[in-house]
file data.txt (compact mmCIF, C-alpha atoms)
# COMPACT_ATOMS: atom_id res chain seq x y z
CA MET O 814 -1.62 -28.21 0.13
CA SER O 815 0.85 -27.70 -2.71
CA LEU O 816 3.07 -24.64 -3.16
CA THR O 817 1.05 -23.58 -6.21
CA GLN O 818 -2.20 -23.72 -4.23
CA ARG O 819 -0.73 -21.70 -1.34
CA THR O 820 0.57 -19.07 -3.77
CA SER O 821 -2.81 -18.74 -5.45
CA LEU O 822 -4.46 -18.06 -2.09
CA LEU O 823 -2.11 -15.12 -1.49
CA GLU O 824 -2.89 -13.48 -4.82
CA PRO O 825 -5.68 -10.94 -5.18
CA ALA O 826 -8.81 -12.08 -6.98
CA ASP O 827 -8.28 -9.61 -9.83
CA ALA O 828 -4.68 -10.64 -10.46
CA THR O 829 -3.63 -10.47 -14.10
CA PRO O 830 -1.00 -12.61 -15.82
CA SER O 831 1.46 -9.72 -15.49
CA THR O 832 0.90 -9.36 -11.73
CA ARG O 833 0.17 -12.99 -10.81
CA GLY O 834 2.86 -14.54 -8.65
CA ARG O 835 3.74 -11.47 -6.61
CA GLY O 836 1.38 -12.40 -3.74
CA LEU O 837 0.94 -10.15 -0.73
CA HIS O 838 4.39 -8.66 -1.13
CA ARG O 839 3.94 -7.46 -4.68
CA SER O 840 5.41 -4.01 -5.33
CA VAL O 841 3.20 -1.03 -6.04
CA THR O 842 4.29 0.91 -9.09
CA MET O 843 3.98 4.66 -9.44
CA SER O 844 1.56 4.17 -12.32
CA GLU O 845 -0.78 2.35 -9.94
CA LEU O 846 -0.63 5.33 -7.57
CA ASN O 847 -1.01 7.80 -10.40
CA ASP O 848 -4.76 8.20 -10.22
CA GLY O 849 -7.06 11.00 -9.13
CA GLY O 850 -7.66 9.61 -5.65
CA ALA O 851 -3.99 9.17 -4.81
CA GLN O 852 -3.10 12.62 -6.12
CA LYS O 853 -5.90 14.28 -4.11
CA ALA O 854 -4.81 12.47 -0.96
CA ALA O 855 -1.22 13.53 -1.56
CA MET O 856 -2.22 17.15 -2.10
CA LEU O 857 -4.31 17.10 1.10
CA ALA O 858 -1.41 15.63 3.09
CA ILE O 859 1.00 18.29 1.79
CA LEU O 860 -1.49 21.09 2.50
CA THR O 861 -2.08 19.80 6.04
CA TYR O 862 1.66 19.60 6.65
CA PHE O 863 2.15 23.20 5.55
CA VAL O 864 -0.77 24.49 7.62
CA VAL O 865 0.45 22.71 10.77
CA GLY O 866 4.02 23.93 10.28
CA VAL O 867 3.10 27.55 9.57
CA ALA O 868 0.59 27.56 12.47
CA TYR O 869 3.13 26.25 14.95
CA TYR O 870 6.14 28.34 13.98
CA GLY O 871 4.02 31.44 13.34
CA TYR O 872 1.89 31.34 16.50
CA LEU O 873 3.30 28.88 19.06
CA ALA O 874 7.08 28.81 18.70
CA THR O 875 9.14 30.26 21.56
CA PRO O 876 11.05 32.30 22.56
CA GLU O 877 10.12 34.19 19.38
CA LYS O 878 7.33 33.48 16.92
CA PHE O 879 8.25 33.38 13.24
CA ALA O 880 7.02 36.00 10.82
CA LEU O 881 4.56 34.52 8.29
CA VAL O 882 7.04 34.56 5.39
CA ASP O 883 9.72 33.03 7.61
CA ALA O 884 7.40 30.29 8.87
CA LEU O 885 6.38 29.34 5.32
CA TYR O 886 9.99 29.58 4.13
CA PHE O 887 11.16 27.36 7.03
CA VAL O 888 8.54 24.70 6.20
CA VAL O 889 9.55 24.65 2.51
CA VAL O 890 13.25 24.42 3.33
CA THR O 891 12.48 21.57 5.74
CA VAL O 892 10.24 19.44 3.55
CA THR O 893 12.55 19.74 0.55
CA THR O 894 15.57 18.84 2.76
CA VAL O 895 17.44 21.92 1.52
CA GLY O 896 17.97 22.95 5.14
CA TYR O 897 19.92 26.21 4.87
CA GLY O 898 19.84 26.71 8.63
CA ASP O 899 19.68 30.49 8.25
CA LEU O 900 16.56 30.91 10.42
CA ASN O 901 17.67 28.61 13.23
CA GLU O 902 20.10 31.18 14.57
CA GLU O 903 17.70 34.09 14.14
CA TYR O 904 14.76 32.47 15.99
CA LYS O 905 16.77 30.33 18.43
CA VAL O 906 14.80 27.11 17.84
CA ILE O 907 17.59 25.19 19.55
CA ASN O 908 16.99 27.06 22.84
CA ASN O 909 13.53 25.64 23.54
CA SER O 910 12.84 21.96 24.26
CA LEU O 911 9.28 22.04 22.92
CA ASP O 912 10.46 23.59 19.65
CA LYS O 913 13.17 20.97 19.31
CA VAL O 914 10.75 18.09 19.96
CA PHE O 915 8.16 19.47 17.52
CA THR O 916 10.79 20.17 14.87
CA SER O 917 12.23 16.66 15.24
CA PHE O 918 8.87 15.02 14.53
CA PHE O 919 8.10 17.64 11.90
CA VAL O 920 11.28 16.76 10.02
CA LEU O 921 10.69 13.00 10.29
CA THR O 922 7.14 13.40 9.04
CA GLY O 923 8.19 15.69 6.21
CA VAL O 924 11.00 13.49 4.94
CA GLY O 925 8.94 10.30 5.30
CA LEU O 926 5.21 10.66 4.72
CA ILE O 927 5.21 13.99 2.92
CA GLY O 928 8.15 12.86 0.80
CA ALA O 929 6.03 9.95 -0.39
CA ALA O 930 3.09 12.28 -1.07
CA ILE O 931 5.29 14.59 -3.12
CA GLY O 932 6.52 11.51 -4.99
CA VAL O 933 2.96 10.80 -6.13
CA ILE O 934 2.63 14.35 -7.50
CA VAL O 935 6.04 14.18 -9.17
CA ALA O 936 5.12 10.84 -10.77
CA ALA O 937 2.10 12.46 -12.41
CA VAL O 938 4.28 15.27 -13.76
CA LEU O 939 6.88 12.81 -15.06
CA ASP O 940 4.18 10.78 -16.81
CA ARG O 941 3.11 13.90 -18.68
CA GLU O 942 6.73 14.61 -19.58
CA ASP O 943 7.10 11.05 -20.91
CA ALA O 944 4.03 11.53 -23.05
CA LEU O 945 5.43 14.79 -24.41
CA ALA O 946 8.77 13.12 -25.12
CA LYS O 947 7.05 10.35 -27.07
CA GLN O 948 5.11 12.94 -29.03
CA LEU O 949 8.31 14.85 -29.79
CA ALA O 950 10.11 11.68 -30.85
CA HIS O 951 7.52 10.27 -33.23
CA GLU O 952 4.39 12.32 -33.59
CA PRO O 953 2.30 10.79 -36.41
CA GLY O 954 1.12 14.16 -37.65
CA SER O 955 4.54 15.79 -37.88
CA SER O 956 6.05 16.52 -41.25
CA ARG O 957 8.95 14.52 -42.65
CA ARG O 958 11.17 17.58 -42.69
CA ALA O 959 10.49 18.31 -39.00
CA ARG O 960 11.06 14.69 -38.03
CA ARG O 961 14.37 14.65 -39.93
CA PHE O 962 15.39 17.86 -38.17
CA TRP O 963 14.69 16.53 -34.69
CA HIS O 964 15.63 12.93 -35.46
CA LEU O 965 15.28 11.96 -31.78
CA THR O 966 14.56 8.63 -30.20
CA GLU O 967 12.23 8.57 -27.22
CA ALA O 968 15.17 8.33 -24.80
CA GLN O 969 16.98 11.22 -26.49
CA ALA O 970 13.81 13.31 -26.37
CA LYS O 971 13.51 12.72 -22.62
CA VAL O 972 17.13 13.78 -22.05
CA ALA O 973 16.70 16.87 -24.25
CA PHE O 974 13.46 17.84 -22.51
CA SER O 975 15.01 17.41 -19.03
CA PHE O 976 18.09 19.43 -20.03
CA LEU O 977 15.89 22.20 -21.41
CA GLN O 978 13.82 22.28 -18.22
CA MET O 979 16.88 22.42 -15.97
CA SER O 980 18.45 25.16 -18.07
CA ILE O 981 15.29 27.28 -17.88
CA VAL O 982 15.00 26.76 -14.10
CA LEU O 983 18.64 27.71 -13.48
CA LEU O 984 18.46 30.76 -15.76
CA TRP O 985 15.19 31.95 -14.23
CA GLY O 986 16.39 31.35 -10.69
CA THR O 987 19.74 33.04 -11.24
CA VAL O 988 18.25 36.20 -12.74
CA CYS O 989 15.44 36.51 -10.17
CA PHE O 990 17.72 35.89 -7.17
CA ALA O 991 20.25 38.42 -8.48
CA LEU O 992 17.56 41.09 -8.90
CA LEU O 993 15.73 40.44 -5.63
CA GLU O 994 18.76 39.94 -3.39
CA GLY O 995 21.21 42.29 -5.10
CA GLN O 996 23.71 39.46 -5.61
CA SER O 997 26.09 38.92 -8.51
CA ILE O 998 25.20 36.52 -11.32
CA VAL O 999 27.92 34.12 -10.18
CA THR O 1000 26.68 34.07 -6.56
CA SER O 1001 23.07 33.72 -7.72
CA PHE O 1002 23.95 30.81 -10.00
CA TYR O 1003 25.83 29.22 -7.09
CA TRP O 1004 22.73 29.60 -4.88
CA CYS O 1005 20.51 28.05 -7.56
CA SER O 1006 22.85 25.09 -8.03
CA VAL O 1007 23.12 24.42 -4.29
CA THR O 1008 19.34 24.77 -3.93
CA VAL O 1009 18.06 22.61 -6.81
CA THR O 1010 20.35 19.78 -5.74
CA THR O 1011 19.08 20.18 -2.11
CA VAL O 1012 22.68 20.43 -0.87
CA GLY O 1013 21.84 23.65 0.97
CA TYR O 1014 25.19 24.76 2.39
CA GLY O 1015 23.56 27.82 3.97
CA ASP O 1016 26.39 30.23 3.18
CA VAL O 1017 24.15 31.99 0.65
CA ALA O 1018 20.45 32.33 1.48
CA PRO O 1019 17.71 34.89 0.84
CA THR O 1020 17.60 37.71 3.39
CA THR O 1021 14.79 39.91 2.06
CA ASP O 1022 11.08 39.06 2.23
CA ALA O 1023 10.88 39.24 -1.56
CA GLY O 1024 13.80 36.82 -1.86
CA LYS O 1025 12.21 34.42 0.63
CA TYR O 1026 8.86 34.44 -1.18
CA PHE O 1027 10.71 33.72 -4.41
CA ALA O 1028 12.67 30.90 -2.73
CA ILE O 1029 9.40 29.35 -1.48
CA PHE O 1030 8.17 28.91 -5.05
CA PHE O 1031 11.59 28.19 -6.56
CA ILE O 1032 12.47 25.40 -4.13

call {"tool": "encode", "arguments": {"input": "data.txt", "output": "structure tokens"}}
result
Amino acid sequence: MSLTQRTSLLEPADATPSTRGRGLHRSVTMSELNDGGAQKAAMLAILTYFVVGVAYYGYLATPEKFALVDALYFVVVTVTTVGYGDLNEEYKVINNSLDKVFTSFFVLTGVGLIGAAIGVIVAAVLDREDALAKQLAHEPGSSRRARRFWHLTEAQAKVAFSFLQMSIVLLWGTVCFALLEGQSIVTSFYWCSVTVTTVGYGDVAPTTDAGKYFAIFFI
């Protein structure tokens, strides 16, 4: 059997000219995952992860069970890899072997499987942003004056849109954290920067229930 014949046997029956030749080890693009079924499965996986985490830390953890807001906050900080570490000392997770074993597998699952599930959701959001950037760059119905004013290529529109989003997130996060936690604008901006980059030093973290609820949505 020739090499060409063996390659053809490894290819799926519906292979197109653009995908032919990749065989069993062909890569799966995010656009191929960006369908309703994949997004629903990803949402279900994320929801299950949150329910299991909140249930364990809220009802089974020892020596002290987490309050509901703390359990949800701990799950969010874990799955996003921000990892402030502010609750570990308060609830003494390190003192119980069962908690340490559960948390170890919980972290591995969150960073691995749930990270991939979140990637599917993020891909759908980014696709919509790309479509908006294309529309901003060269919308057929826009006036000549507006198009001359913007004068953006598709790549420039993407950069501008991302910069605008990040600026809004940082401004919103800084103001809300300052109001809810009674922190200065500088400290609040520092917290936002450390949080959105998932660095999570842990030297500044929300201490009030209102601040933790805000952090759950902000992160």

call {"tool": "closest_residue", "arguments": {"input": "data.txt", "among": "O:Gly866, O:Gly1024, O:Gly925, O:Gly871", "to": "Thr987 (chain O)", "atoms": "all atoms listed in the file"}}
result
O:Gly1024

call {"tool": "atom_distance", "arguments": {"input": "data.txt", "atom1": "CA of Ala874 (chain O)", "atom2": "CA of Asn909 (chain O)"}}
result
8.7 Å

call {"tool": "atom_distance", "arguments": {"input": "data.txt", "atom1": "CA of Ala936 (chain O)", "atom2": "CA of Ala855 (chain O)"}}
result
11.5 Å

call {"tool": "atom_distance", "arguments": {"input": "data.txt", "atom1": "CA of Tyr1003 (chain O)", "atom2": "CA of Val1017 (chain O)"}}
result
8.4 Å

call {"tool": "closest_residue", "arguments": {"input": "data.txt", "among": "O:Ala1018, O:Met856, O:Val882, O:Val933", "to": "Thr1000 (chain O)", "atoms": "all atoms listed in the file"}}
result
O:Ala1018

call {"tool": "decode", "arguments": {"input": "data.txt", "residues": "region 889-903 of chain O", "atoms": "all heavy atoms", "output": "PDB file, in the first residue's frame"}}
result
ATOM      1  N   VAL O 889     -14.450  30.723  42.598  1.00  0.00           N
ATOM      2  CA  VAL O 889     -14.126  31.656  41.517  1.00  0.00           C
ATOM      3  C   VAL O 889     -12.636  31.970  41.503  1.00  0.00           C
ATOM      4  O   VAL O 889     -11.986  31.972  40.450  1.00  0.00           O
ATOM      5  CB  VAL O 889     -14.949  32.953  41.661  1.00  0.00           C
ATOM      6  CG1 VAL O 889     -14.463  34.005  40.677  1.00  0.00           C
ATOM      7  CG2 VAL O 889     -16.424  32.677  41.430  1.00  0.00           C
ATOM      8  N   VAL O 890     -12.076  32.232  42.672  1.00  0.00           N
ATOM      9  CA  VAL O 890     -10.646  32.545  42.766  1.00  0.00           C
ATOM     10  C   VAL O 890      -9.800  31.348  42.332  1.00  0.00           C
ATOM     11  O   VAL O 890      -8.719  31.511  41.756  1.00  0.00           O
ATOM     12  CB  VAL O 890     -10.302  32.965  44.216  1.00  0.00           C
ATOM     13  CG1 VAL O 890      -8.800  33.025  44.413  1.00  0.00           C
ATOM     14  CG2 VAL O 890     -10.915  34.321  44.532  1.00  0.00           C
ATOM     15  N   THR O 891     -10.311  30.146  42.574  1.00  0.00           N
ATOM     16  CA  THR O 891      -9.581  28.934  42.186  1.00  0.00           C
ATOM     17  C   THR O 891      -9.619  28.699  40.687  1.00  0.00           C
ATOM     18  O   THR O 891      -8.581  28.502  40.051  1.00  0.00           O
ATOM     19  CB  THR O 891     -10.166  27.707  42.911  1.00  0.00           C
ATOM     20  OG1 THR O 891     -10.023  27.872  44.323  1.00  0.00           O
ATOM     21  CG2 THR O 891      -9.446  26.429  42.488  1.00  0.00           C
ATOM     22  N   VAL O 892     -10.807  28.727  40.112  1.00  0.00           N
ATOM     23  CA  VAL O 892     -10.945  28.386  38.693  1.00  0.00           C
ATOM     24  C   VAL O 892     -10.311  29.430  37.789  1.00  0.00           C
ATOM     25  O   VAL O 892      -9.878  29.124  36.669  1.00  0.00           O
ATOM     26  CB  VAL O 892     -12.429  28.184  38.331  1.00  0.00           C
ATOM     27  CG1 VAL O 892     -13.173  29.504  38.265  1.00  0.00           C
ATOM     28  CG2 VAL O 892     -12.580  27.444  36.994  1.00  0.00           C
ATOM     29  N   THR O 893     -10.234  30.667  38.248  1.00  0.00           N
ATOM     30  CA  THR O 893      -9.602  31.721  37.452  1.00  0.00           C
ATOM     31  C   THR O 893      -8.103  31.827  37.706  1.00  0.00           C
ATOM     32  O   THR O 893      -7.433  32.657  37.094  1.00  0.00           O
ATOM     33  CB  THR O 893     -10.244  33.087  37.755  1.00  0.00           C
ATOM     34  OG1 THR O 893     -10.160  33.349  39.165  1.00  0.00           O
ATOM     35  CG2 THR O 893     -11.705  33.113  37.320  1.00  0.00           C
ATOM     36  N   THR O 894      -7.597  30.996  38.608  1.00  0.00           N
ATOM     37  CA  THR O 894      -6.173  30.944  38.995  1.00  0.00           C
ATOM     38  C   THR O 894      -5.685  32.253  39.616  1.00  0.00           C
ATOM     39  O   THR O 894      -4.484  32.497  39.651  1.00  0.00           O
ATOM     40  CB  THR O 894      -5.252  30.557  37.812  1.00  0.00           C
ATOM     41  OG1 THR O 894      -5.182  31.629  36.863  1.00  0.00           O
ATOM     42  CG2 THR O 894      -5.724  29.291  37.114  1.00  0.00           C
ATOM     43  N   VAL O 895      -6.594  33.088  40.097  1.00  0.00           N
ATOM     44  CA  VAL O 895      -6.176  34.309  40.784  1.00  0.00           C
ATOM     45  C   VAL O 895      -5.511  33.945  42.111  1.00  0.00           C
ATOM     46  O   VAL O 895      -4.446  34.459  42.453  1.00  0.00           O
ATOM     47  CB  VAL O 895      -7.376  35.253  41.012  1.00  0.00           C
ATOM     48  CG1 VAL O 895      -6.972  36.431  41.884  1.00  0.00           C
ATOM     49  CG2 VAL O 895      -7.908  35.747  39.676  1.00  0.00           C
ATOM     50  N   GLY O 896      -6.150  33.056  42.862  1.00  0.00           N
ATOM     51  CA  GLY O 896      -5.546  32.477  44.054  1.00  0.00           C
ATOM     52  C   GLY O 896      -5.002  33.461  45.069  1.00  0.00           C
ATOM     53  O   GLY O 896      -3.814  33.441  45.382  1.00  0.00           O
ATOM     54  N   TYR O 897      -5.868  34.328  45.634  1.00  0.00           N
ATOM     55  CA  TYR O 897      -5.391  35.284  46.631  1.00  0.00           C
ATOM     56  C   TYR O 897      -4.808  34.580  47.860  1.00  0.00           C
ATOM     57  O   TYR O 897      -3.816  35.020  48.423  1.00  0.00           O
ATOM     58  CB  TYR O 897      -6.543  36.183  47.098  1.00  0.00           C
ATOM     59  CG  TYR O 897      -7.079  37.117  46.047  1.00  0.00           C
ATOM     60  CD1 TYR O 897      -8.438  37.149  45.758  1.00  0.00           C
ATOM     61  CD2 TYR O 897      -6.246  37.982  45.359  1.00  0.00           C
ATOM     62  CE1 TYR O 897      -8.946  38.014  44.810  1.00  0.00           C
ATOM     63  CE2 TYR O 897      -6.735  38.852  44.410  1.00  0.00           C
ATOM     64  CZ  TYR O 897      -8.099  38.861  44.137  1.00  0.00           C
ATOM     65  OH  TYR O 897      -8.609  39.712  43.198  1.00  0.00           O
ATOM     66  N   GLY O 898      -5.471  33.497  48.284  1.00  0.00           N
ATOM     67  CA  GLY O 898      -5.020  32.805  49.484  1.00  0.00           C
ATOM     68  C   GLY O 898      -5.553  33.407  50.767  1.00  0.00           C
ATOM     69  O   GLY O 898      -5.130  33.010  51.858  1.00  0.00           O
ATOM     70  N   ASP O 899      -6.475  34.370  50.662  1.00  0.00           N
ATOM     71  CA  ASP O 899      -6.966  35.047  51.856  1.00  0.00           C
ATOM     72  C   ASP O 899      -7.880  34.174  52.711  1.00  0.00           C
ATOM     73  O   ASP O 899      -7.967  34.361  53.924  1.00  0.00           O
ATOM     74  CB  ASP O 899      -7.686  36.350  51.476  1.00  0.00           C
ATOM     75  CG  ASP O 899      -8.730  36.137  50.383  1.00  0.00           C
ATOM     76  OD1 ASP O 899      -8.571  35.218  49.573  1.00  0.00           O
ATOM     77  OD2 ASP O 899      -9.702  36.913  50.337  1.00  0.00           O
ATOM     78  N   LEU O 900      -8.576  33.205  52.100  1.00  0.00           N
ATOM     79  CA  LEU O 900      -9.480  32.357  52.867  1.00  0.00           C
ATOM     80  C   LEU O 900      -8.794  31.128  53.453  1.00  0.00           C
ATOM     81  O   LEU O 900      -9.323  30.502  54.372  1.00  0.00           O
ATOM     82  CB  LEU O 900     -10.666  31.910  51.998  1.00  0.00           C
ATOM     83  CG  LEU O 900     -11.638  32.999  51.541  1.00  0.00           C
ATOM     84  CD1 LEU O 900     -12.789  32.381  50.761  1.00  0.00           C
ATOM     85  CD2 LEU O 900     -12.173  33.779  52.730  1.00  0.00           C
ATOM     86  N   ASN O 901      -7.651  30.769  52.909  1.00  0.00           N
ATOM     87  CA  ASN O 901      -6.964  29.568  53.386  1.00  0.00           C
ATOM     88  C   ASN O 901      -6.598  29.676  54.866  1.00  0.00           C
ATOM     89  O   ASN O 901      -6.702  28.715  55.620  1.00  0.00           O
ATOM     90  CB  ASN O 901      -5.704  29.314  52.557  1.00  0.00           C
ATOM     91  CG  ASN O 901      -6.025  29.012  51.113  1.00  0.00           C
ATOM     92  OD1 ASN O 901      -6.752  29.769  50.483  1.00  0.00           O
ATOM     93  ND2 ASN O 901      -5.504  27.930  50.578  1.00  0.00           N
ATOM     94  N   GLU O 902      -6.170  30.831  55.261  1.00  0.00           N
ATOM     95  CA  GLU O 902      -5.791  31.039  56.659  1.00  0.00           C
ATOM     96  C   GLU O 902      -7.024  31.096  57.552  1.00  0.00           C
ATOM     97  O   GLU O 902      -7.026  30.568  58.672  1.00  0.00           O
ATOM     98  CB  GLU O 902      -4.987  32.338  56.784  1.00  0.00           C
ATOM     99  CG  GLU O 902      -4.542  32.673  58.195  1.00  0.00           C
ATOM    100  CD  GLU O 902      -3.559  31.643  58.756  1.00  0.00           C
ATOM    101  OE1 GLU O 902      -2.879  30.968  57.962  1.00  0.00           O
ATOM    102  OE2 GLU O 902      -3.500  31.528  60.000  1.00  0.00           O
ATOM    103  N   GLU O 903      -8.085  31.706  57.048  1.00  0.00           N
ATOM    104  CA  GLU O 903      -9.294  31.879  57.866  1.00  0.00           C
ATOM    105  C   GLU O 903      -9.974  30.540  58.142  1.00  0.00           C
ATOM    106  O   GLU O 903     -10.445  30.285  59.247  1.00  0.00           O
ATOM    107  CB  GLU O 903     -10.261  32.823  57.153  1.00  0.00           C
ATOM    108  CG  GLU O 903     -11.565  33.061  57.901  1.00  0.00           C
ATOM    109  CD  GLU O 903     -12.488  34.014  57.177  1.00  0.00           C
ATOM    110  OE1 GLU O 903     -12.031  34.648  56.187  1.00  0.00           O
ATOM    111  OE2 GLU O 903     -13.650  34.139  57.585  1.00  0.00           O
TER     112      GLU O 903
END
